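Participant: Got a structure for you, written out below as structure tokens; questions coming shortly.
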Amino acid sequence: MGRSAVRDLTTGKPMRLILGFMLPLLLGMLFQQFYNMVDTIVVGQYLGVNALAGVGSTGSINFLVLGFVIGVCAGFAIPVAQMFGSKNHDALRKYVANTIWLAVICAAVLTTATCLLCSNILHWMKTPDEVFGEAYDYIFVIFLGIPVTFLYNTTSGIIRSLGDSKTPVIFLVISSLLNIALDMFMIVVLKMGVAGAGWATVISQLVSGVLCLIFMAKRFDILKLKKDDLKPDGYYIGRLCSAGLPMGLQYSITAIGSILLQTAVNSLGPSYMAAVTAGNKVSQLLVCPIDAMASTMATYGGQNVGAGKIDRIKKGLFDCSLLGIGWSVIALGIAALFGGDLAMMFVNKNDVQSAADIPEILRFARQFLVTNASFYILLAFVNIVRFLIQGMGFSQIAVYAGVFELAARGMFGLWLVPVLGYNAVCFANPTAWILADLFLFPTYFACYKRLKWRMEK
């Protein structure tokens with residue numbers, strides 16, 4: 001029972017293993033995108049434009065804080081994957097136990113800080129007065145739920161590190177359906193406003209986190225912690241921090257770059273803002289397979305490093321890169337043929353000044369989307385190689401790729417967009433991916449060579 005739920009990624013053909021692990025992740029990501037669309041529709045339809053704008057205005061800070069949490073938890077799972085690959089179950093349990101301690105401490109500190117500074121943060125972001133109340137009511141509840149975010153992402157990350165990518169997706173689907181039901185109940189029946197949308201998110205994520213915890217306890221014999229395992233250990237805490245904190249910073253650094261770019265877009269006017277928003281929404285859907293490949297490579301790399309099978313890392317990177325290139329070509333075709341139609345789904349007509357503006361917005365959205373999609377191959381390499389480097393145990397180095405992305409988006413946001421206008425906005429992300437790749441490829445080869453040297457000593 002304890003062994004049947006795990007998947008060993010250190011034996012078998014890499015392409016088959018990568019696809020088998022990736023597809024459930026992709027399903028979960030697509031379902032989450034679907035839920036986010038429904039959530040936006042519920043808030044917009046029942047609470048109005050100001051409520052929708054208030055919730056939308058918190059997107060960047062939401063990504064900044066919760067992205068850090070997600071990254072930290074993903075990093076905590078890497079040593080677990082490595083110990084599973086090496087069949088060192090005693091060390092695996094110690095890593096899991098110390099992950100619990102770190103998650104509790106980080107959740108307490110981050111929740112306290114963000115809740116106390118919530119109003120200040122919204123003022124720093126220059127949130128308009130007419131939507132400030134809605135923005136505060138929503139994001140304060142989300143910040144209160146940070147411990148729940150830690151619970152789900154920590155437990156689901158550990159489950160995935162043992163090779164089971166299906167179960168967390170099942171619980172995510174359950175959580176998303178519950179979230180939609182709670183949205184309707186709390187907003188329409190209880191009249192709780194945007195705070196109701198926040199509580200629906202927190203409660204549903206709590207349910208998925210608890211389900212993951214129960215599943216871990218009942219399904220995995222190798223995770224049954226002993227008394228000695230529960231003692232905080234400086235060595236394991238240090239290793240976990242060195243893996244988790246850089247991944248968390250990577251997400252936050254990316255968010256800062258996006259905030260700088262979005263600020264520049266806001267200065268161009270409502271039509272450009274609506275176009276970039278719609279284009280980004282479609283892009284998020286199109287890159288879901290690339291994101292799933294990236295998460296897969298973190299676990300794949302971790303398990304194979306733990307098993308000492310370094311040559312399989314090179315083969316896995318080659319196979320996953322083929323998948324990334326193939327999907328990037330398909331995604332470009334979708335963007336070129338259907339970009340405008342897809343963007344139409346995300347254009348909020350209540351925020352458009354007149355119906356005559358819609359064709360222009362869709363033209364701008366298609367330009368943004370097709371330009372970005374033309375460089376998805378570069379994005380595929382950014383995500384696949386970066387997460388593989390992290391899985392190999394070099395999280396601290398991989399985070400510098402995010403610094404290169406921040407520099408590129410900051411350069412466009414602060415200097416090029418004000419001078420060159422919307423065309424610069426369209427090329428900001430591709431430039432960020434180019435700089436990241438220029439750093440990541442030589443870094444990967446250096447890390448691979450170092451691992452090879454370690455194994456041969």
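Residues in the structure tokens are named by chain (A, B, ... in the order shown) and by number from 1 within that chain; ligands are numbered from 1 in the order shown.
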List the neighbours of Lys231 of chain A out to 9 Å using only C-alpha atoms; skip same-chain residues closer than 5 positions along the sequence, and give me the result as a ChimeraX atom specification.
Facilitator: /A:94,97-98
Participant: Identify, on the basis of only C-alpha atoms, every residue whose closest approach to Gly324 of chain A does not exceed 8 Å; exclude the query and any residue fewer than 6 positions from it along the same chain; express the result as a PDB file with N, CA, C and O atoms, in the first residue's frame.
Facilitator:
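File produced: selection.pdb:
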ATOM      1  N   ILE A 290       3.616  24.056 -20.874  1.00  0.00           N
ATOM      2  CA  ILE A 290       5.013  24.372 -20.561  1.00  0.00           C
ATOM      3  C   ILE A 290       5.223  24.411 -19.057  1.00  0.00           C
ATOM      4  O   ILE A 290       6.232  23.908 -18.538  1.00  0.00           O
ATOM      5  N   MET A 293       5.368  20.888 -17.812  1.00  0.00           N
ATOM      6  CA  MET A 293       6.677  20.279 -18.103  1.00  0.00           C
ATOM      7  C   MET A 293       7.715  20.727 -17.083  1.00  0.00           C
ATOM      8  O   MET A 293       8.548  19.927 -16.629  1.00  0.00           O
ATOM      9  N   ILE A 377       9.088  29.032 -27.621  1.00  0.00           N
ATOM     10  CA  ILE A 377      10.165  28.044 -27.552  1.00  0.00           C
ATOM     11  C   ILE A 377      11.208  28.486 -26.533  1.00  0.00           C
ATOM     12  O   ILE A 377      11.707  27.686 -25.740  1.00  0.00           O
ATOM     13  N   ALA A 380       9.785  27.932 -23.134  1.00  0.00           N
ATOM     14  CA  ALA A 380       9.832  26.509 -22.780  1.00  0.00           C
ATOM     15  C   ALA A 380      11.196  26.147 -22.215  1.00  0.00           C
ATOM     16  O   ALA A 380      11.305  25.473 -21.185  1.00  0.00           O
ATOM     17  N   PHE A 381      12.258  26.628 -22.854  1.00  0.00           N
ATOM     18  CA  PHE A 381      13.599  26.347 -22.354  1.00  0.00           C
ATOM     19  C   PHE A 381      13.839  27.012 -20.996  1.00  0.00           C
ATOM     20  O   PHE A 381      14.471  26.429 -20.117  1.00  0.00           O
TER      21      PHE A 381
END
Participant: When distances are computed from only C-alpha atoms, which of A:Pro442, A:Pro147, A:Pro359, A:Gly421 shows the smallest separation from Arg386 of chain A?
Facilitator: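 Using only C-alpha atoms, the shortest distance to Arg386 of chain A belongs to A:Pro442.
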Participant: Residues near segment 202-210 of chain A, anyone? I mean within 10 Å using only C-alpha atoms, not counting same-chain ones fewer than 5 positions away, as a ChimeraX atom specification.
Facilitator: /A:141-156,168-182,196-197,215-216
Participant: Excluding same-chain residues fewer than 5 positions from Tyr400 of chain A, what lies within 12 Å of it counting only C-alpha atoms, as a list in words?
Facilitator: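 Here the answer would be Pro246, Met247, Leu249, Gln250, Tyr251, Ile253, Thr254, Val382, Arg386, Ile389, Gln390, Phe394, Ser395, Glu405, Leu406, Ala407, Leu435, Ala436, Asp437, Leu438, Phe439, Leu440 and Thr443 of chain A.
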Participant: Could you dump the residues just selected with N, CA and C atoms as an mmCIF file, in the first residue's frame?
Facilitator:
data_model
loop_
_atom_site.group_PDB
_atom_site.id
_atom_site.type_symbol
_atom_site.label_atom_id
_atom_site.label_comp_id
_atom_site.auth_asym_id
_atom_site.auth_seq_id
_atom_site.Cartn_x
_atom_site.Cartn_y
_atom_site.Cartn_z
ATOM 1 N N PRO A 246 15.292 30.263 -2.434
ATOM 2 C CA PRO A 246 15.579 30.777 -3.784
ATOM 3 C C PRO A 246 14.415 30.602 -4.752
ATOM 4 N N MET A 247 13.693 29.469 -4.655
ATOM 5 C CA MET A 247 12.550 29.268 -5.556
ATOM 6 C C MET A 247 11.435 30.259 -5.235
ATOM 7 N N LEU A 249 11.902 33.283 -3.944
ATOM 8 C CA LEU A 249 12.388 34.572 -4.437
ATOM 9 C C LEU A 249 12.266 34.663 -5.946
ATOM 10 N N GLN A 250 12.468 33.539 -6.621
ATOM 11 C CA GLN A 250 12.346 33.521 -8.076
ATOM 12 C C GLN A 250 10.947 33.965 -8.502
ATOM 13 N N TYR A 251 9.911 33.433 -7.856
ATOM 14 C CA TYR A 251 8.538 33.818 -8.172
ATOM 15 C C TYR A 251 8.314 35.299 -7.881
ATOM 16 N N ILE A 253 10.558 37.735 -7.652
ATOM 17 C CA ILE A 253 11.326 38.586 -8.570
ATOM 18 C C ILE A 253 10.599 38.710 -9.904
ATOM 19 N N THR A 254 10.055 37.601 -10.388
ATOM 20 C CA THR A 254 9.277 37.634 -11.624
ATOM 21 C C THR A 254 8.070 38.549 -11.479
ATOM 22 N N VAL A 382 13.341 28.240 -20.829
ATOM 23 C CA VAL A 382 13.493 28.928 -19.529
ATOM 24 C C VAL A 382 12.926 28.070 -18.410
ATOM 25 N N ARG A 386 15.345 25.739 -16.036
ATOM 26 C CA ARG A 386 15.427 26.315 -14.691
ATOM 27 C C ARG A 386 14.925 25.328 -13.635
ATOM 28 N N ILE A 389 17.401 22.468 -13.188
ATOM 29 C CA ILE A 389 18.549 22.884 -12.373
ATOM 30 C C ILE A 389 18.179 22.882 -10.894
ATOM 31 N N GLN A 390 16.976 23.347 -10.585
ATOM 32 C CA GLN A 390 16.532 23.344 -9.192
ATOM 33 C C GLN A 390 16.379 21.924 -8.671
ATOM 34 N N PHE A 394 20.480 22.902 -7.358
ATOM 35 C CA PHE A 394 21.183 24.180 -7.510
ATOM 36 C C PHE A 394 20.177 25.343 -7.557
ATOM 37 N N SER A 395 19.269 25.368 -6.579
ATOM 38 C CA SER A 395 18.219 26.392 -6.555
ATOM 39 C C SER A 395 18.797 27.798 -6.451
ATOM 40 N N GLU A 405 15.329 38.261 -15.926
ATOM 41 C CA GLU A 405 13.983 38.589 -16.392
ATOM 42 C C GLU A 405 13.515 39.911 -15.805
ATOM 43 N N LEU A 406 13.783 40.118 -14.504
ATOM 44 C CA LEU A 406 13.416 41.376 -13.853
ATOM 45 C C LEU A 406 14.109 42.554 -14.529
ATOM 46 N N ALA A 407 15.400 42.390 -14.818
ATOM 47 C CA ALA A 407 16.147 43.472 -15.458
ATOM 48 C C ALA A 407 15.549 43.831 -16.810
ATOM 49 N N LEU A 435 17.258 36.722 -22.296
ATOM 50 C CA LEU A 435 18.301 36.952 -21.293
ATOM 51 C C LEU A 435 18.381 35.791 -20.308
ATOM 52 N N ALA A 436 17.209 35.274 -19.907
ATOM 53 C CA ALA A 436 17.202 34.146 -18.969
ATOM 54 C C ALA A 436 17.862 32.918 -19.593
ATOM 55 N N ASP A 437 17.552 32.640 -20.856
ATOM 56 C CA ASP A 437 18.150 31.483 -21.536
ATOM 57 C C ASP A 437 19.665 31.631 -21.683
ATOM 58 N N LEU A 438 20.122 32.844 -21.976
ATOM 59 C CA LEU A 438 21.559 33.078 -22.112
ATOM 60 C C LEU A 438 22.299 32.772 -20.813
ATOM 61 N N PHE A 439 21.588 32.910 -19.699
ATOM 62 C CA PHE A 439 22.178 32.559 -18.409
ATOM 63 C C PHE A 439 21.997 31.072 -18.100
ATOM 64 N N LEU A 440 20.827 30.529 -18.408
ATOM 65 C CA LEU A 440 20.480 29.186 -17.947
ATOM 66 C C LEU A 440 21.241 28.075 -18.668
ATOM 67 N N THR A 443 24.695 27.653 -17.405
ATOM 68 C CA THR A 443 24.564 27.256 -16.005
ATOM 69 C C THR A 443 24.225 25.778 -15.887
#
Participant: Calculated over only C-alpha atoms, which of the candidates A:Val347, A:Cys115, A:Ile361, A:Ala398 has the smallest distance to Met37 of chain A?
Facilitator: A:Val347
Participant: Out of A:Phe220, A:Phe387, A:Phe368, A:Tyr95, which residue has the shortest atom-to-atom distance to Tyr235 of chain A when counting only C-alpha atoms?
Facilitator: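 Selected residue with least distance to Tyr235 of chain A: A:Tyr95.
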Participant: Point out the residue among A:Asp183, A:Glu130, A:Glu456, A:Asp311 with the least atom-to-atom distance to Val42 of chain A, counting only C-alpha atoms.
Facilitator: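 Between A:Asp183, A:Glu130, A:Glu456, A:Asp311, the residue approaching Val42 of chain A most closely is A:Asp183.
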Participant: Report as a ChimeraX atom specification all protein, DNA and RNA residues lying within 8 Å of segment 11-19 of chain A, evaluated on only C-alpha atoms, omitting residues in the same chain fewer than 3 positions from it.
Facilitator: /A:8,22-23,293,296-297,300,312,315-316,319-320
Participant: Report, in Å with one decimal, the straight-line distance from atom CA of Phe427 of chain A to atom CA of Gln367 of chain A.
Facilitator: 10.3 Å
Participant: For a quick check of understanding, using only C-alpha atoms, which of A:Leu9, A:Pro232, A:Val425, A:Gly28 has the smallest distance to Gly410 of chain A?
Facilitator: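 Checking each candidate against Gly410 of chain A, we get A:Val425 as the closest.
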Participant: Report the residues of segment 120-361 of chain A whose backbone DSSP state falls under alpha helix (DSSP H), written as a ChimeraX atom specification.
Facilitator: /A:120-124,129-144,146-161,166-184,193-219,234-266,270-286,288-306,310-344,357-361
Participant: Give one line per residue of segment 252-329 of chain A that approaches segment 59-70 of chain A to at most 7 Å, naming the two atoms of the closest pair and their distance in Å to one decimal, counting only C-alpha atoms; sort by chain then ascending residue number and deliver it as a tab-separated table.
Facilitator:
residue	atom	partner	partner_atom	distance
A:Ser252	CA	A:Leu64	CA	4.8
A:Ala255	CA	A:Leu64	CA	5.2
A:Ile259	CA	A:Ser60	CA	6.3
Participant: Put those residues in a file: N, CA, C and O atoms, as a PDB file, in the first residue's frame.
Facilitator:
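Below you can see again27.pdb, which holds the result:
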ATOM      1  N   SER A 252       8.821  35.757  -6.734  1.00  0.00           N
ATOM      2  CA  SER A 252       8.604  37.149  -6.335  1.00  0.00           C
ATOM      3  C   SER A 252       9.343  38.116  -7.261  1.00  0.00           C
ATOM      4  O   SER A 252       8.825  39.182  -7.607  1.00  0.00           O
ATOM      5  N   ALA A 255       7.423  38.497 -10.307  1.00  0.00           N
ATOM      6  CA  ALA A 255       6.244  39.333 -10.056  1.00  0.00           C
ATOM      7  C   ALA A 255       6.614  40.811 -10.053  1.00  0.00           C
ATOM      8  O   ALA A 255       5.866  41.648 -10.574  1.00  0.00           O
ATOM      9  N   ILE A 259       5.078  43.752 -12.370  1.00  0.00           N
ATOM     10  CA  ILE A 259       4.468  44.967 -11.812  1.00  0.00           C
ATOM     11  C   ILE A 259       5.036  46.207 -12.505  1.00  0.00           C
ATOM     12  O   ILE A 259       4.301  47.134 -12.864  1.00  0.00           O
TER      13      ILE A 259
END
Participant: For each of A:Cys212, A:Val385, A:Leu285, A:Ile159, take the minimum atom-to-atom distance to Gln33 of chain A, counting only C-alpha atoms, then give the residue where this is smallest.
Facilitator: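 Looking at the shortest contact to Gln33 of chain A, the residue is A:Leu285.
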Participant: Between atom CA of Gly244 of chain A and atom CA of Ile78 of chain A, what is the distance in Å, rounded to a tenth?
Facilitator: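 One can read the atom CA of Gly244 of chain A to atom CA of Ile78 of chain A distance as 8.3 Å.
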Participant: Which residues come within 6 Å of segment 45-51 of chain A, counting only C-alpha atoms, excluding same-chain residues fewer than 4 positions away, as JSON, numbers by chain?
Facilitator: {"A": [41, 131, 134]}
Participant: With all heavy atoms retained, could you export that selection as a PDB file, in the first residue's frame?
Facilitator:
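Final file, result_25.pdb:
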ATOM      1  N   ILE A  41     -16.233  35.812 -13.434  1.00  0.00           N
ATOM      2  CA  ILE A  41     -17.594  36.033 -13.925  1.00  0.00           C
ATOM      3  C   ILE A  41     -18.558  36.250 -12.760  1.00  0.00           C
ATOM      4  O   ILE A  41     -19.398  37.171 -12.786  1.00  0.00           O
ATOM      5  CB  ILE A  41     -18.054  34.849 -14.793  1.00  0.00           C
ATOM      6  CG1 ILE A  41     -17.251  34.815 -16.099  1.00  0.00           C
ATOM      7  CG2 ILE A  41     -19.547  34.932 -15.084  1.00  0.00           C
ATOM      8  CD1 ILE A  41     -17.453  33.553 -16.914  1.00  0.00           C
ATOM      9  N   VAL A 131     -12.027  51.906  -5.599  1.00  0.00           N
ATOM     10  CA  VAL A 131     -12.023  50.440  -5.475  1.00  0.00           C
ATOM     11  C   VAL A 131     -11.171  49.981  -4.280  1.00  0.00           C
ATOM     12  O   VAL A 131     -10.989  48.782  -4.091  1.00  0.00           O
ATOM     13  CB  VAL A 131     -11.497  49.767  -6.767  1.00  0.00           C
ATOM     14  CG1 VAL A 131     -12.359  50.147  -7.959  1.00  0.00           C
ATOM     15  CG2 VAL A 131     -10.040  50.114  -7.027  1.00  0.00           C
ATOM     16  N   GLU A 134     -12.980  47.511  -1.734  1.00  0.00           N
ATOM     17  CA  GLU A 134     -13.132  46.143  -2.258  1.00  0.00           C
ATOM     18  C   GLU A 134     -11.787  45.426  -2.317  1.00  0.00           C
ATOM     19  O   GLU A 134     -11.692  44.238  -1.986  1.00  0.00           O
ATOM     20  CB  GLU A 134     -13.760  46.180  -3.653  1.00  0.00           C
ATOM     21  CG  GLU A 134     -15.240  46.512  -3.688  1.00  0.00           C
ATOM     22  CD  GLU A 134     -15.495  47.997  -3.694  1.00  0.00           C
ATOM     23  OE1 GLU A 134     -14.525  48.773  -3.562  1.00  0.00           O
ATOM     24  OE2 GLU A 134     -16.669  48.407  -3.831  1.00  0.00           O
TER      25      GLU A 134
END
Participant: Could you name the residues that touch segment 269-281 of chain A at 10 Å or less, counting only C-alpha atoms, but leaving out those on the same chain fewer than 4 positions away, as a ChimeraX atom specification?
Facilitator: /A:33,37,262-265,285-286,335,339-340,342-349,351-353,357-358,360-370,372,421-422,425-426
Participant: Would you mind exporting N, CA, C and O atoms of the selected residues as a compact mmCIF listing (two decimals), in the first residue's frame?
Facilitator:
# COMPACT_ATOMS: atom_id res chain seq x y z
N GLN A 33 -7.37 27.31 -14.33
CA GLN A 33 -7.65 28.45 -15.20
C GLN A 33 -9.16 28.60 -15.43
O GLN A 33 -9.71 29.71 -15.41
N MET A 37 -11.66 31.79 -14.34
CA MET A 37 -12.60 32.46 -15.24
C MET A 37 -13.99 32.53 -14.61
O MET A 37 -14.64 33.58 -14.62
N GLN A 262 3.57 46.35 -15.97
CA GLN A 262 2.15 46.69 -15.93
C GLN A 262 1.95 48.18 -15.63
O GLN A 262 1.04 48.82 -16.18
N THR A 263 2.81 48.73 -14.79
CA THR A 263 2.73 50.16 -14.49
C THR A 263 2.93 50.99 -15.76
O THR A 263 2.24 51.98 -15.99
N ALA A 264 3.88 50.57 -16.59
CA ALA A 264 4.11 51.27 -17.87
C ALA A 264 2.91 51.11 -18.79
O ALA A 264 2.51 52.06 -19.49
N VAL A 265 2.32 49.91 -18.83
CA VAL A 265 1.14 49.69 -19.67
C VAL A 265 -0.01 50.59 -19.22
O VAL A 265 -0.73 51.17 -20.05
N LEU A 285 -3.33 30.38 -20.58
CA LEU A 285 -3.90 29.10 -21.01
C LEU A 285 -2.93 28.34 -21.93
O LEU A 285 -2.70 27.15 -21.77
N LEU A 286 -2.34 29.07 -22.88
CA LEU A 286 -1.48 28.43 -23.88
C LEU A 286 -0.19 27.88 -23.28
O LEU A 286 0.38 26.92 -23.81
N ALA A 335 -2.49 30.84 -31.53
CA ALA A 335 -2.50 32.29 -31.30
C ALA A 335 -2.70 33.06 -32.60
O ALA A 335 -3.46 34.04 -32.66
N GLY A 339 -6.27 34.01 -32.01
CA GLY A 339 -5.90 34.91 -30.93
C GLY A 339 -6.95 35.95 -30.61
O GLY A 339 -7.31 36.17 -29.44
N GLY A 340 -7.50 36.60 -31.63
CA GLY A 340 -8.52 37.62 -31.41
C GLY A 340 -9.79 37.06 -30.80
O GLY A 340 -10.35 37.65 -29.87
N LEU A 342 -10.11 34.30 -29.03
CA LEU A 342 -9.85 33.88 -27.65
C LEU A 342 -9.77 35.08 -26.72
O LEU A 342 -10.28 35.04 -25.60
N ALA A 343 -9.15 36.16 -27.17
CA ALA A 343 -9.04 37.36 -26.34
C ALA A 343 -10.41 37.94 -26.02
O ALA A 343 -10.63 38.52 -24.95
N MET A 344 -11.37 37.78 -26.93
CA MET A 344 -12.70 38.32 -26.75
C MET A 344 -13.35 37.78 -25.48
O MET A 344 -14.15 38.46 -24.83
N MET A 345 -13.01 36.53 -25.12
CA MET A 345 -13.60 35.92 -23.92
C MET A 345 -13.20 36.69 -22.66
O MET A 345 -13.90 36.64 -21.65
N PHE A 346 -12.06 37.40 -22.71
CA PHE A 346 -11.54 38.03 -21.50
C PHE A 346 -11.66 39.55 -21.52
O PHE A 346 -11.17 40.21 -20.61
N VAL A 347 -12.29 40.10 -22.56
CA VAL A 347 -12.50 41.55 -22.60
C VAL A 347 -13.76 41.86 -21.82
O VAL A 347 -14.86 41.42 -22.17
N ASN A 348 -13.61 42.61 -20.74
CA ASN A 348 -14.74 42.99 -19.90
C ASN A 348 -15.41 44.23 -20.52
O ASN A 348 -14.87 45.34 -20.44
N LYS A 349 -16.56 44.05 -21.13
CA LYS A 349 -17.22 45.14 -21.85
C LYS A 349 -17.61 46.29 -20.92
O LYS A 349 -17.74 47.44 -21.36
N ASP A 351 -15.76 47.61 -18.78
CA ASP A 351 -14.60 48.47 -18.61
C ASP A 351 -14.20 49.18 -19.90
O ASP A 351 -13.25 49.95 -19.91
N VAL A 352 -14.91 48.90 -20.99
CA VAL A 352 -14.60 49.51 -22.27
C VAL A 352 -15.46 50.76 -22.43
O VAL A 352 -16.67 50.73 -22.18
N GLN A 353 -14.83 51.87 -22.84
CA GLN A 353 -15.55 53.15 -22.90
C GLN A 353 -16.67 53.12 -23.92
O GLN A 353 -17.74 53.70 -23.71
N ASP A 357 -14.47 50.75 -29.35
CA ASP A 357 -13.10 50.47 -28.90
C ASP A 357 -12.76 48.98 -28.95
O ASP A 357 -11.59 48.61 -28.92
N ILE A 358 -13.76 48.12 -28.99
CA ILE A 358 -13.52 46.68 -28.88
C ILE A 358 -12.66 46.14 -30.03
O ILE A 358 -11.71 45.40 -29.78
N GLU A 360 -10.38 47.59 -31.74
CA GLU A 360 -9.01 48.06 -31.52
C GLU A 360 -8.35 47.27 -30.39
O GLU A 360 -7.18 46.86 -30.50
N ILE A 361 -9.09 47.03 -29.32
CA ILE A 361 -8.55 46.27 -28.19
C ILE A 361 -8.18 44.85 -28.62
O ILE A 361 -7.11 44.33 -28.28
N LEU A 362 -9.05 44.23 -29.42
CA LEU A 362 -8.78 42.86 -29.88
C LEU A 362 -7.57 42.83 -30.82
O LEU A 362 -6.80 41.87 -30.79
N ARG A 363 -7.41 43.88 -31.63
CA ARG A 363 -6.24 43.95 -32.51
C ARG A 363 -4.95 44.07 -31.69
O ARG A 363 -3.96 43.38 -31.96
N PHE A 364 -4.99 44.91 -30.66
CA PHE A 364 -3.82 45.05 -29.79
C PHE A 364 -3.55 43.75 -29.02
O PHE A 364 -2.39 43.35 -28.85
N ALA A 365 -4.63 43.10 -28.57
CA ALA A 365 -4.47 41.85 -27.82
C ALA A 365 -3.85 40.77 -28.70
O ALA A 365 -2.96 40.02 -28.25
N ARG A 366 -4.29 40.69 -29.95
CA ARG A 366 -3.74 39.69 -30.87
C ARG A 366 -2.27 39.97 -31.15
O ARG A 366 -1.45 39.06 -31.22
N GLN A 367 -1.93 41.25 -31.33
CA GLN A 367 -0.53 41.62 -31.56
C GLN A 367 0.34 41.18 -30.39
O GLN A 367 1.42 40.59 -30.58
N PHE A 368 -0.11 41.46 -29.17
CA PHE A 368 0.63 41.08 -27.97
C PHE A 368 0.78 39.56 -27.89
O PHE A 368 1.86 39.03 -27.64
N LEU A 369 -0.33 38.85 -28.14
CA LEU A 369 -0.34 37.40 -28.00
C LEU A 369 0.54 36.73 -29.04
O LEU A 369 1.35 35.84 -28.71
N VAL A 370 0.42 37.12 -30.30
CA VAL A 370 1.20 36.48 -31.38
C VAL A 370 2.68 36.78 -31.22
O VAL A 370 3.53 35.90 -31.43
N ASN A 372 4.30 37.32 -28.41
CA ASN A 372 4.80 36.48 -27.32
C ASN A 372 4.86 35.02 -27.72
O ASN A 372 5.83 34.32 -27.43
N GLY A 421 6.37 53.02 -26.89
CA GLY A 421 4.95 52.73 -26.83
C GLY A 421 4.62 51.23 -26.78
O GLY A 421 5.40 50.42 -26.28
N TYR A 422 3.48 50.90 -27.39
CA TYR A 422 2.93 49.55 -27.24
C TYR A 422 3.80 48.46 -27.86
O TYR A 422 3.82 47.32 -27.37
N VAL A 425 5.97 47.01 -25.36
CA VAL A 425 5.26 46.12 -24.42
C VAL A 425 5.25 44.70 -24.99
O VAL A 425 5.48 43.72 -24.26
N CYS A 426 5.00 44.57 -26.27
CA CYS A 426 4.88 43.25 -26.90
C CYS A 426 6.20 42.47 -26.88
O CYS A 426 6.19 41.23 -26.86
